[in-house]
>>> print(open('coords.cif').read())   # mmCIF, C-alpha atoms
data_my_file
loop_
_atom_site.label_atom_id
_atom_site.label_comp_id
_atom_site.auth_asym_id
_atom_site.auth_seq_id
_atom_site.Cartn_x
_atom_site.Cartn_y
_atom_site.Cartn_z
CA MET A 1 -192.58 -188.71 95.24
CA ILE A 2 -191.50 -188.83 91.62
CA SER A 3 -188.28 -187.04 90.78
CA PHE A 4 -188.07 -184.39 88.10
CA GLU A 5 -185.68 -186.58 86.12
CA HIS A 6 -188.13 -189.48 86.14
CA ARG A 7 -190.95 -187.20 84.97
CA ILE A 8 -188.85 -186.00 82.03
CA LEU A 9 -187.91 -189.55 81.06
CA SER A 10 -191.55 -190.66 81.27
CA GLU A 11 -192.76 -187.71 79.21
CA TYR A 12 -190.15 -188.39 76.52
CA LYS A 13 -191.15 -192.05 76.44
CA ILE A 14 -194.79 -191.05 75.91
CA LYS A 15 -193.88 -188.58 73.16
CA SER A 16 -191.79 -191.21 71.36
CA ALA A 17 -194.60 -193.75 71.61
CA LYS A 18 -197.05 -191.25 70.10
CA LEU A 19 -194.69 -190.67 67.18
CA ASP A 20 -194.19 -194.39 66.60
CA THR A 21 -197.93 -195.07 66.74
CA LEU A 22 -198.75 -192.31 64.26
CA VAL A 23 -196.00 -193.40 61.86
CA LYS A 24 -197.24 -196.99 61.97
CA SER A 25 -200.79 -195.79 61.36
CA ILE A 26 -199.74 -193.70 58.36
CA LEU A 27 -197.67 -196.49 56.83
CA THR A 28 -200.45 -199.06 57.12
CA HIS A 29 -203.27 -196.75 56.02
CA ARG A 30 -205.45 -198.17 53.29
CA ASP A 31 -205.16 -195.01 51.18
CA PRO A 32 -201.66 -193.59 51.73
CA LYS A 33 -202.17 -190.78 49.18
CA GLY A 34 -205.57 -189.75 50.55
CA LEU A 35 -206.50 -186.63 52.44
CA GLU A 36 -206.62 -188.38 55.81
CA ALA A 37 -203.08 -189.72 55.47
CA MET A 38 -201.77 -186.37 54.26
CA GLU A 39 -203.29 -184.55 57.23
CA ALA A 40 -201.84 -187.19 59.55
CA THR A 41 -198.44 -186.54 57.98
CA ASP A 42 -198.83 -182.82 58.69
CA PHE A 43 -199.72 -183.64 62.29
CA LEU A 44 -196.68 -185.92 62.46
CA ASP A 45 -194.51 -182.92 61.56
CA VAL A 46 -196.07 -180.97 64.44
CA LEU A 47 -195.38 -183.84 66.86
CA VAL A 48 -191.79 -184.19 65.66
CA ASN A 49 -191.18 -180.46 66.19
CA GLU A 50 -192.70 -180.62 69.67
CA THR A 51 -190.57 -183.64 70.58
CA ASP A 52 -187.44 -181.94 69.22
CA GLN A 53 -188.09 -178.86 71.34
CA PHE A 54 -188.62 -181.05 74.39
CA TYR A 55 -185.36 -182.90 73.72
CA GLU A 56 -183.43 -179.66 73.25
CA LYS A 57 -184.85 -178.24 76.48
CA HIS A 58 -184.01 -181.36 78.53
CA SER A 59 -181.14 -182.78 76.48
CA GLU A 60 -178.72 -183.07 79.38
CA ILE A 61 -181.02 -185.27 81.46
CA LEU A 62 -182.16 -187.36 78.49
CA SER A 63 -178.69 -187.97 77.05
CA ASN A 64 -177.27 -188.79 80.49
CA ASN A 65 -179.94 -191.50 80.75
CA GLY A 66 -179.19 -193.08 77.36
CA LYS A 67 -181.96 -191.39 75.37
CA SER A 68 -181.05 -190.12 71.94
CA PRO A 69 -183.28 -187.96 69.72
CA HIS A 70 -186.11 -189.84 68.03
CA VAL A 71 -185.31 -191.50 64.70
CA ARG A 72 -187.56 -189.03 62.85
CA SER A 73 -186.06 -186.05 64.64
CA HIS A 74 -184.73 -183.07 62.70
CA LEU A 75 -182.10 -182.31 65.34
CA PRO A 76 -178.45 -182.63 64.34
CA GLU A 77 -176.47 -185.03 66.53
CA THR A 78 -173.99 -183.38 68.85
CA LYS A 79 -170.80 -184.83 70.20
CA LEU A 80 -171.85 -184.12 73.79
CA TRP A 81 -175.12 -186.07 73.43
CA ASN A 82 -173.35 -189.01 71.81
CA ASP A 83 -170.64 -189.06 74.49
CA ASN A 84 -173.24 -188.97 77.28
CA ILE A 85 -175.22 -191.80 75.67
CA GLU A 86 -172.12 -193.96 75.17
CA ARG A 87 -171.01 -193.34 78.75
CA TYR A 88 -174.47 -194.39 79.98
CA PHE A 89 -174.36 -197.66 78.03
CA GLU A 90 -170.83 -198.42 79.27
CA LYS A 91 -172.16 -198.18 82.83
CA HIS A 92 -175.35 -200.14 82.00
CA PRO A 93 -174.40 -202.75 79.35
CA ARG A 94 -177.66 -204.72 79.69
CA ARG A 95 -179.74 -201.71 78.72
CA ARG A 96 -178.13 -201.38 75.30
CA ARG A 97 -180.59 -200.46 72.58
CA LYS A 98 -181.73 -203.17 70.19
#
>>> encode(input="coords.cif", output="structure tokens")
Amino acid sequence: MISFEHRILSEYKIKSAKLDTLVKSILTHRDPKGLEAMEATDFLDVLVNETDQFYEKHSEILSNNGKSPHVRSHLPETKLWNDNIERYFEKHPRRRRK
């Protein structure tokens, strides 16, 4: 059976991948100033807000497992999150982010 913690980590990984895919799609669009790209940008804002809410709701589990808010996140960094992330990487040096 999958643990609750694993489900949260998997869900956050999927949400981050969706954000990265949409950003890549917007940046490589043939008409970056067109209507399609602008609507995709609006949808990106919706996804970022959803991911931020998810991170806030499950921040303890995510930060204790070395996950920081997404690069495009609007969340301010907190000392507790940063301390948890650093502690995680001290225990798991091979999993350090690139």
>>> resolve_selection(input="coords.cif", expression="the PyMOL selection byres ((chain A and resi 54) around 12)", output="list in words")
Ile8, Leu9, Glu11, Tyr12, Lys13, Ile14, Lys15, Ser16, Leu47, Val48, Asn49, Glu50, Thr51, Asp52, Gln53, Tyr55, Glu56, Lys57, His58, Ser59, Glu60, Ile61, Leu62, Pro69, His70, Ser73 and Leu75 of chain A
>>> closest_residue(input="coords.cif", among="A:Leu35, A:Asp42, A:Thr21, A:Asn64", to="A:Glu5", atoms="all atoms listed in the file")
A:Asn64
>>> atom_distance(input="coords.cif", atom1="atom CA of A:Phe43", atom2="atom CA of A:Lys18")
11.2 Å
>>> closest_residue(input="coords.cif", among="A:Arg72, A:Val46, A:Leu80, A:Tyr88", to="A:Val23", atoms="all atoms listed in the file")
A:Arg72
>>> closest_residue(input="coords.cif", among="A:Val71, A:Phe4, A:Ala40, A:Asn65", to="A:His92", atoms="only C-alpha atoms")
A:Asn65
>>> closest_residue(input="coords.cif", among="A:Pro32, A:Leu44, A:Ile2, A:Ala37", to="A:Leu19", atoms="all atoms listed in the file")
A:Leu44
>>> atom_distance(input="coords.cif", atom1="atom CA of A:Gly66", atom2="atom CA of A:Ser25")
27.0 Å
>>> atom_distance(input="coords.cif", atom1="atom CA of A:Arg7", atom2="atom CA of A:Ser68")
16.6 Å
>>> axis_aligned_box(input="coords.cif", around="stretch 8-21 of chain A", padding_each_side="3 Å", output="AutoDock Vina command-line options")
--center_x -192.9 --center_y -190.5 --center_z 74.3 --size_x 16.0 --size_y 15.1 --size_z 21.4
>>> closest_residue(input="coords.cif", among="A:Ser10, A:Lys67, A:Asp20, A:Thr41", to="A:Asn82", atoms="only C-alpha atoms")
A:Lys67
>>> closest_residue(input="coords.cif", among="A:Pro76, A:Asp45, A:Met38, A:Phe89", to="A:Ser63", atoms="only C-alpha atoms")
A:Phe89
